[in-house]
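Next up, structure-v9.cif (mmCIF, C-alpha atoms and all ligand atoms):
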```
data_final
#
loop_
_atom_site.label_atom_id
_atom_site.label_comp_id
_atom_site.auth_asym_id
_atom_site.auth_seq_id
_atom_site.Cartn_x
_atom_site.Cartn_y
_atom_site.Cartn_z
CA MET A 1 0.00 0.00 0.00
CA ILE A 2 1.00 3.61 -0.44
CA LEU A 3 0.98 5.98 2.53
CA ASP A 4 0.75 9.75 2.64
CA ILE A 5 2.40 10.14 6.03
CA LEU A 6 4.67 7.77 7.97
CA ALA A 7 5.79 8.41 11.55
CA ILE A 8 8.94 6.57 12.59
CA ALA A 9 9.85 6.16 16.26
CA ALA A 10 12.09 4.04 18.46
CA HIS A 11 9.48 2.56 20.77
CA ARG A 12 5.87 1.55 20.74
CA ASP A 13 4.02 4.40 22.50
CA ASP A 14 6.49 7.12 21.37
CA VAL A 15 4.28 8.22 18.49
CA GLU A 16 1.24 8.31 20.79
CA GLN A 17 3.09 10.80 22.98
CA THR A 18 4.72 12.99 20.34
CA CYS A 19 2.52 13.18 17.23
CA GLY A 20 -0.52 10.91 17.69
CA GLY A 21 -2.99 13.78 17.54
CA THR A 22 -1.50 15.01 14.29
CA LEU A 23 -1.64 11.53 12.75
CA LEU A 24 -5.29 11.20 13.76
CA LYS A 25 -6.10 14.63 12.37
CA MET A 26 -4.49 13.76 9.04
CA ALA A 27 -6.35 10.41 8.91
CA GLU A 28 -9.61 12.26 9.55
CA ARG A 29 -8.78 14.46 6.58
CA GLY A 30 -8.57 11.38 4.40
CA TYR A 31 -4.83 10.86 4.29
CA ARG A 32 -3.33 7.43 4.75
CA THR A 33 -1.10 7.40 7.78
CA GLY A 34 1.25 4.78 9.16
CA ILE A 35 3.52 4.13 12.13
CA LEU A 36 6.85 2.33 12.06
CA ASP A 37 8.18 1.33 15.49
CA LEU A 38 11.85 0.39 15.25
CA THR A 39 11.71 -1.93 18.28
CA ARG A 40 9.16 -4.18 19.94
CA GLY A 41 9.56 -3.21 23.60
CA GLU A 42 10.98 -6.46 24.94
CA MET A 43 13.19 -4.60 27.48
CA GLY A 44 10.28 -2.84 29.18
CA THR A 45 9.96 -3.16 32.95
CA ARG A 46 6.27 -3.91 32.58
CA GLY A 47 4.72 -6.42 30.16
CA SER A 48 6.16 -8.46 27.29
CA ALA A 49 6.71 -7.66 23.60
CA GLU A 50 3.48 -9.57 22.89
CA ASP A 51 1.54 -7.39 25.33
CA ARG A 52 2.91 -4.31 23.66
CA GLU A 53 2.05 -5.62 20.21
CA ARG A 54 -1.60 -6.00 21.22
CA GLU A 55 -1.59 -2.56 22.81
CA ALA A 56 0.10 -0.97 19.79
CA ALA A 57 -2.59 -2.45 17.54
CA GLU A 58 -5.31 -0.96 19.72
CA ALA A 59 -3.57 2.43 19.76
CA ALA A 60 -3.24 2.35 15.96
CA ARG A 61 -6.96 1.64 15.68
CA ILE A 62 -7.76 4.66 17.88
CA LEU A 63 -5.45 6.87 15.81
CA LYS A 64 -7.05 5.53 12.59
CA ALA A 65 -3.64 4.55 11.21
CA ALA A 66 -3.88 2.54 7.99
CA TRP A 67 -0.66 0.67 8.73
CA ARG A 68 1.57 -0.07 11.68
CA GLY A 69 4.68 -2.21 11.71
CA ALA A 70 7.56 -2.98 14.07
CA LEU A 71 11.11 -3.84 13.07
CA ASP A 72 13.31 -6.46 14.71
CA ILE A 73 15.87 -3.93 16.02
CA PRO A 74 16.70 -4.76 19.69
CA ASP A 75 14.99 -2.56 22.27
CA GLY A 76 17.50 -0.27 23.99
CA ARG A 77 20.01 -0.87 21.21
CA VAL A 78 18.85 1.26 18.29
CA GLU A 79 22.06 1.76 16.33
CA ASN A 80 22.65 3.67 13.13
CA THR A 81 24.12 0.76 11.19
CA TRP A 82 24.02 -0.01 7.48
CA GLU A 83 21.85 -3.04 8.20
CA ASN A 84 19.31 -0.99 10.14
CA LYS A 85 19.28 1.73 7.49
CA LEU A 86 18.42 -0.91 4.89
CA LYS A 87 15.58 -2.19 7.08
CA VAL A 88 14.02 1.27 7.33
CA ALA A 89 14.74 2.11 3.66
CA ARG A 90 12.90 -1.06 2.66
CA VAL A 91 9.78 0.07 4.53
CA LEU A 92 10.07 3.54 2.96
CA ARG A 93 10.26 2.06 -0.52
CA GLU A 94 7.29 -0.18 0.14
CA LEU A 95 5.04 2.46 1.68
CA ARG A 96 6.33 5.48 -0.32
CA PRO A 97 5.17 8.24 2.09
CA ARG A 98 5.31 11.89 0.98
CA VAL A 99 5.81 13.06 4.57
CA VAL A 100 7.97 11.34 7.20
CA ILE A 101 7.82 12.31 10.87
CA LEU A 102 10.99 11.54 12.83
CA PRO A 103 11.93 12.10 16.47
CA TYR A 104 13.99 15.22 17.18
CA TRP A 105 17.73 14.56 16.92
CA LYS A 106 18.56 15.43 20.54
CA GLY A 107 17.17 13.83 23.66
CA ARG A 108 17.71 11.94 26.87
CA HIS A 109 17.15 8.44 25.53
CA PRO A 110 19.82 7.24 23.05
CA ASP A 111 17.20 5.21 21.14
CA HIS A 112 15.25 8.42 20.44
CA TYR A 113 18.06 10.53 19.04
CA THR A 114 19.59 7.60 17.20
CA ALA A 115 16.19 6.85 15.61
CA SER A 116 16.25 10.41 14.27
CA THR A 117 19.61 10.05 12.49
CA LEU A 118 18.85 6.52 11.40
CA GLY A 119 15.50 7.62 9.97
CA TYR A 120 16.99 10.58 8.13
CA GLU A 121 19.80 8.54 6.58
CA ALA A 122 17.34 5.79 5.63
CA CYS A 123 15.21 8.42 3.81
CA PHE A 124 18.31 9.44 1.88
CA LEU A 125 19.30 5.85 1.13
CA ALA A 126 15.78 4.91 0.01
CA GLY A 127 16.00 7.54 -2.74
CA LEU A 128 19.34 6.45 -4.15
CA LYS A 129 18.70 4.92 -7.56
CA LYS A 130 21.66 2.60 -7.39
CA ALA A 131 21.05 1.37 -3.87
CA VAL A 132 19.57 -2.10 -4.22
CA VAL A 133 17.10 -2.83 -1.45
CA SER A 134 15.75 -6.35 -1.50
CA ARG A 135 12.15 -7.12 -0.69
CA GLN A 136 13.05 -9.38 2.19
CA SER A 137 11.17 -7.71 5.00
CA SER A 138 12.36 -7.10 8.54
CA VAL A 139 8.92 -6.08 9.70
CA VAL A 140 8.12 -8.60 12.40
CA SER A 141 4.63 -7.51 13.28
CA GLU A 142 2.30 -5.67 11.03
CA ILE A 143 -1.16 -4.23 11.41
CA GLY A 144 -3.36 -3.12 8.56
CA ALA A 145 -6.56 -4.00 6.78
CA PRO A 146 -6.09 -7.51 5.25
CA SER A 147 -5.86 -6.39 1.62
CA ILE A 148 -3.58 -3.55 2.62
CA GLN A 149 -1.37 -5.84 4.66
CA GLN A 150 -0.98 -8.22 1.74
CA SER A 151 0.25 -5.50 -0.58
CA ALA A 152 2.54 -4.02 2.04
CA CYS A 153 4.43 -7.12 3.07
CA SER A 154 4.38 -9.70 0.30
CA GLY A 155 6.92 -9.65 -2.46
CA ASP A 156 5.25 -11.53 -5.26
CA ALA A 157 1.56 -11.54 -4.43
CA ILE A 158 0.63 -7.87 -4.45
CA ALA A 159 -3.11 -7.45 -4.02
CA SER A 160 -4.76 -5.88 -7.02
CA THR A 161 -7.66 -4.42 -5.07
CA GLY A 162 -6.80 -0.76 -5.43
CA GLU A 163 -4.96 1.69 -7.58
CA ASP A 164 -2.17 1.96 -5.04
CA ALA A 165 -1.51 -1.76 -5.16
CA ARG A 166 -1.30 -1.65 -8.95
CA LEU A 167 1.09 1.25 -8.72
CA SER A 168 3.32 -0.80 -6.44
CA THR A 169 3.35 -3.59 -9.00
CA ASP A 170 4.44 -1.20 -11.73
CA ILE A 171 7.26 0.49 -9.92
CA ASN A 172 8.73 -2.46 -8.09
CA SER A 173 10.29 -5.48 -9.70
CA ALA A 174 9.98 -8.99 -8.31
CA ASP A 175 13.18 -8.88 -6.24
CA THR A 176 13.96 -5.25 -5.53
CA LEU A 177 12.04 -2.13 -4.59
CA ALA A 178 12.03 1.05 -6.66
CA PRO A 179 13.73 4.12 -5.14
CA HIS A 180 11.62 6.53 -3.16
CA ARG A 181 12.58 9.65 -1.25
CA PRO A 182 9.99 11.41 0.92
CA PHE A 183 9.27 15.00 -0.09
CA LYS A 184 9.20 16.29 3.46
CA ILE A 185 10.82 15.29 6.74
CA ILE A 186 9.61 16.91 9.94
CA TYR A 187 10.74 16.31 13.50
CA ALA A 188 8.43 15.74 16.46
CA THR A 189 10.06 17.69 19.30
CA LEU A 190 7.86 16.92 22.29
CA TYR A 191 10.54 14.89 24.10
CA TYR A 192 13.04 17.75 24.01
CA ASP A 193 12.91 21.33 25.17
CA VAL A 194 13.45 23.14 21.90
CA ARG A 195 11.36 25.86 20.31
CA PRO A 196 9.27 24.27 17.54
CA THR A 197 9.04 25.89 14.11
CA PHE A 198 5.34 25.07 13.93
CA VAL A 199 2.61 23.38 15.95
CA VAL A 200 -0.40 21.39 14.78
CA ASP A 201 -3.76 22.17 16.38
CA ILE A 202 -5.01 18.91 17.92
CA THR A 203 -7.79 20.39 20.04
CA ASP A 204 -10.38 18.06 18.45
CA GLN A 205 -8.07 15.04 18.60
CA PHE A 206 -6.66 15.48 22.09
CA GLU A 207 -9.01 13.07 23.93
CA ALA A 208 -8.55 10.29 21.38
CA ARG A 209 -4.81 10.79 21.43
CA PHE A 210 -4.83 10.42 25.20
CA GLN A 211 -6.89 7.23 24.87
CA SER A 212 -4.34 5.85 22.37
CA LEU A 213 -1.66 6.28 25.03
CA MET A 214 -3.87 4.66 27.65
CA ALA A 215 -4.22 1.65 25.32
CA TYR A 216 -0.76 0.68 26.66
CA LYS A 217 -2.38 -0.78 29.74
CA THR A 218 0.73 -2.68 30.88
CA GLN A 219 2.65 0.59 30.91
CA PHE A 220 0.24 3.15 32.18
CA SER A 221 -2.30 1.60 34.49
CA ASP A 222 -1.76 2.12 38.21
CA GLN A 223 0.13 -0.94 39.50
CA GLU A 224 2.89 -2.01 41.86
CA ALA A 225 5.64 -3.12 39.43
CA GLY A 226 7.98 -0.26 38.60
CA LYS A 227 5.98 2.16 40.75
CA ASP A 228 8.96 4.46 41.21
CA LEU A 229 9.62 4.58 37.48
CA PHE A 230 6.07 5.07 36.23
CA PRO A 231 3.81 7.93 37.27
CA ALA A 232 0.20 7.21 38.20
CA LYS A 233 -2.46 7.61 35.55
CA ARG A 234 -3.76 10.91 36.88
CA GLU A 235 -0.27 12.33 36.87
CA ILE A 236 0.23 11.24 33.25
CA ARG A 237 -3.02 12.91 32.27
CA ASN A 238 -1.85 16.14 33.94
CA ARG A 239 1.51 16.07 32.19
CA VAL A 240 0.15 15.22 28.74
CA GLU A 241 -2.47 17.94 29.09
CA ALA A 242 0.01 20.55 30.33
CA MET A 243 2.36 19.92 27.40
CA ALA A 244 -0.45 20.03 24.84
CA ARG A 245 -1.79 23.23 26.40
CA PHE A 246 1.63 24.84 26.38
CA TYR A 247 2.18 24.20 22.69
CA GLY A 248 -1.44 25.08 22.03
CA MET A 249 -0.85 28.42 23.69
CA LEU A 250 2.13 29.09 21.41
CA GLY A 251 -0.15 28.56 18.42
CA GLY A 252 -3.16 30.38 19.84
CA VAL A 253 -5.29 27.22 20.15
CA GLU A 254 -6.25 24.95 23.06
CA PHE A 255 -4.10 21.87 22.41
CA ALA A 256 -1.25 21.37 19.94
CA GLU A 257 1.74 19.17 19.11
CA PRO A 258 5.17 20.69 18.36
CA PHE A 259 7.29 20.07 15.26
CA LEU A 260 10.48 21.36 13.76
CA GLN A 261 11.47 21.61 10.13
CA LYS A 262 15.00 22.33 8.95
CA GLU A 263 13.78 24.29 5.93
CA VAL A 264 12.35 27.82 6.04
CA GLY A 265 8.61 28.33 5.73
CA LEU A 266 7.32 29.54 2.36
CA VAL A 267 4.56 32.14 2.39
CA ASP A 268 2.31 32.98 -0.54
CA ASP A 269 -0.19 35.40 1.00
CA LEU A 270 0.66 37.59 3.99
CA MET A 271 -3.03 37.92 4.81
CA MET A 272 -3.25 34.19 5.49
CA VAL A 273 -0.32 33.79 7.91
CA PRO A 274 -1.77 32.34 11.13
CA VAL A 275 -0.87 32.94 14.83
CA LYS A 276 -1.41 36.40 16.30
CA SER A 277 1.63 38.58 17.02
CA ILE A 278 0.35 41.15 19.47
ZN ZN B 301 10.64 5.98 23.62
#
```

Could the structure of this file be written out as structure tokens, please?
Amino acid sequence: MILDILAIAAHRDDVEQTCGGTLLKMAERGYRTGILDLTRGEMGTRGSAEDREREAAEAARILKAAWRGALDIPDGRVENTWENKLKVARVLRELRPRVVILPYWKGRHPDHYTASTLGYEACFLAGLKKAVVSRQSSVVSEIGAPSIQQSACSGDAIASTGEDARLSTDINSADTLAPHRPFKIIYATLYYDVRPTFVVDITDQFEARFQSLMAYKTQFSDQEAGKDLFPAKREIRNRVEAMARFYGMLGGVEFAEPFLQKEVGLVDDLMMVPVKSI
């Protein structure tokens, strides 16, 4: 299948915290969105990788994502290696998103900032005409509508149910995937204290986004295991709301999610520039 927007993150539940509202908003506008988690969460203090897979599927459903997949990169060991770049490039060539959302390139957790560099370099690699990327998938768990899933993960049996699937057949040969470079890369900055270049109004999506995070029951329900490490549910709600309100305030709306782009903004009509100055 072909996606419009793909969010890439190190861990299951990262996207729900940094750009879930934006993904939901885009899905509600009719765009096809997807989530690629680089790891499966097997190092988590609470719950197993299987628990997290179920929870990630539920969160994807809430966010109306058309596709969600996880790679087999070890949790806590996201490294910017050639092998890992090929794994991500393969997904990019299969899903061919126009917009890619990456984590910001600085942060506390090494997996987060490494995912940013790895994602960027994979976007570059995916567009190189002479880089041969085989179809052999490293996606170990995949969620999508059945016909969609078939076209996204199978090499030789691409479903011919939609125009997108036919397009995939045309551009990709039996063994290798055609080059694809996303048009736009933006960085979700919520995990790091940096001034965003723009925010997305998620006032109407805020509640659903919070529910998508709460779908990770093994992580976020009030329980004894890891009590010192994990805040109680009410505290999480307060934090998530405070952050969304803060970025909303910067944009003159109730709730928002922050992003950064390396490029300058292009303006066509001064009368249409949003966000009040004074
Ligand atoms: Zn994370």

- Task: Let me have all residues with an atom within 7 Å of ligand ZN 301 (chain B), counting all atoms listed in the file, laid out as a ChimeraX atom specification.
- Result: /A:10-11,13-14,112

- Message: As an exercise, work out the distance from atom CA of A:Arg54 to atom CA of A:Ile202 in Å and give it to one decimal place.
- Response: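 Interatomic distance here is 25.4 Å.
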
Would you mind listing what lies within 12 Å of A:Arg77 as a compact mmCIF listing (two decimals) with C-alpha atoms, in the frame of the given file, with only C-alpha atoms counted and same-chain residues fewer than 6 positions away left out?
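The file below, part.txt, is the result:
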```txt
# COMPACT_ATOMS: atom_id res chain seq x y z
CA ALA A 10 12.09 4.04 18.46
CA HIS A 11 9.48 2.56 20.77
CA LEU A 38 11.85 0.39 15.25
CA THR A 39 11.71 -1.93 18.28
CA ARG A 40 9.16 -4.18 19.94
CA GLY A 41 9.56 -3.21 23.60
CA GLU A 42 10.98 -6.46 24.94
CA MET A 43 13.19 -4.60 27.48
CA ASN A 84 19.31 -0.99 10.14
CA HIS A 109 17.15 8.44 25.53
CA PRO A 110 19.82 7.24 23.05
CA ASP A 111 17.20 5.21 21.14
CA HIS A 112 15.25 8.42 20.44
CA TYR A 113 18.06 10.53 19.04
CA THR A 114 19.59 7.60 17.20
CA ALA A 115 16.19 6.85 15.61
```

- Query: Any idea what the distance is between atom CA of A:Leu6 and atom CA of A:Asp268?
  - Reply: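 Pair atom CA of A:Leu6 / atom CA of A:Asp268 returns 26.7 Å.
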
- Query: With only C-alpha atoms as the atoms that count, which of A:Leu190, A:Ala70, A:Leu125, A:Val273 lies nearest to A:Arg52?
  - Reply: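 Residue with the minimum atom-to-atom distance to A:Arg52: A:Ala70.
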
- Message: Calculated over all atoms listed in the file, which of the candidates A:Glu83, A:Lys276, A:Arg32, A:Arg46 has the smallest distance to A:Ser221?
- Response: A:Arg46
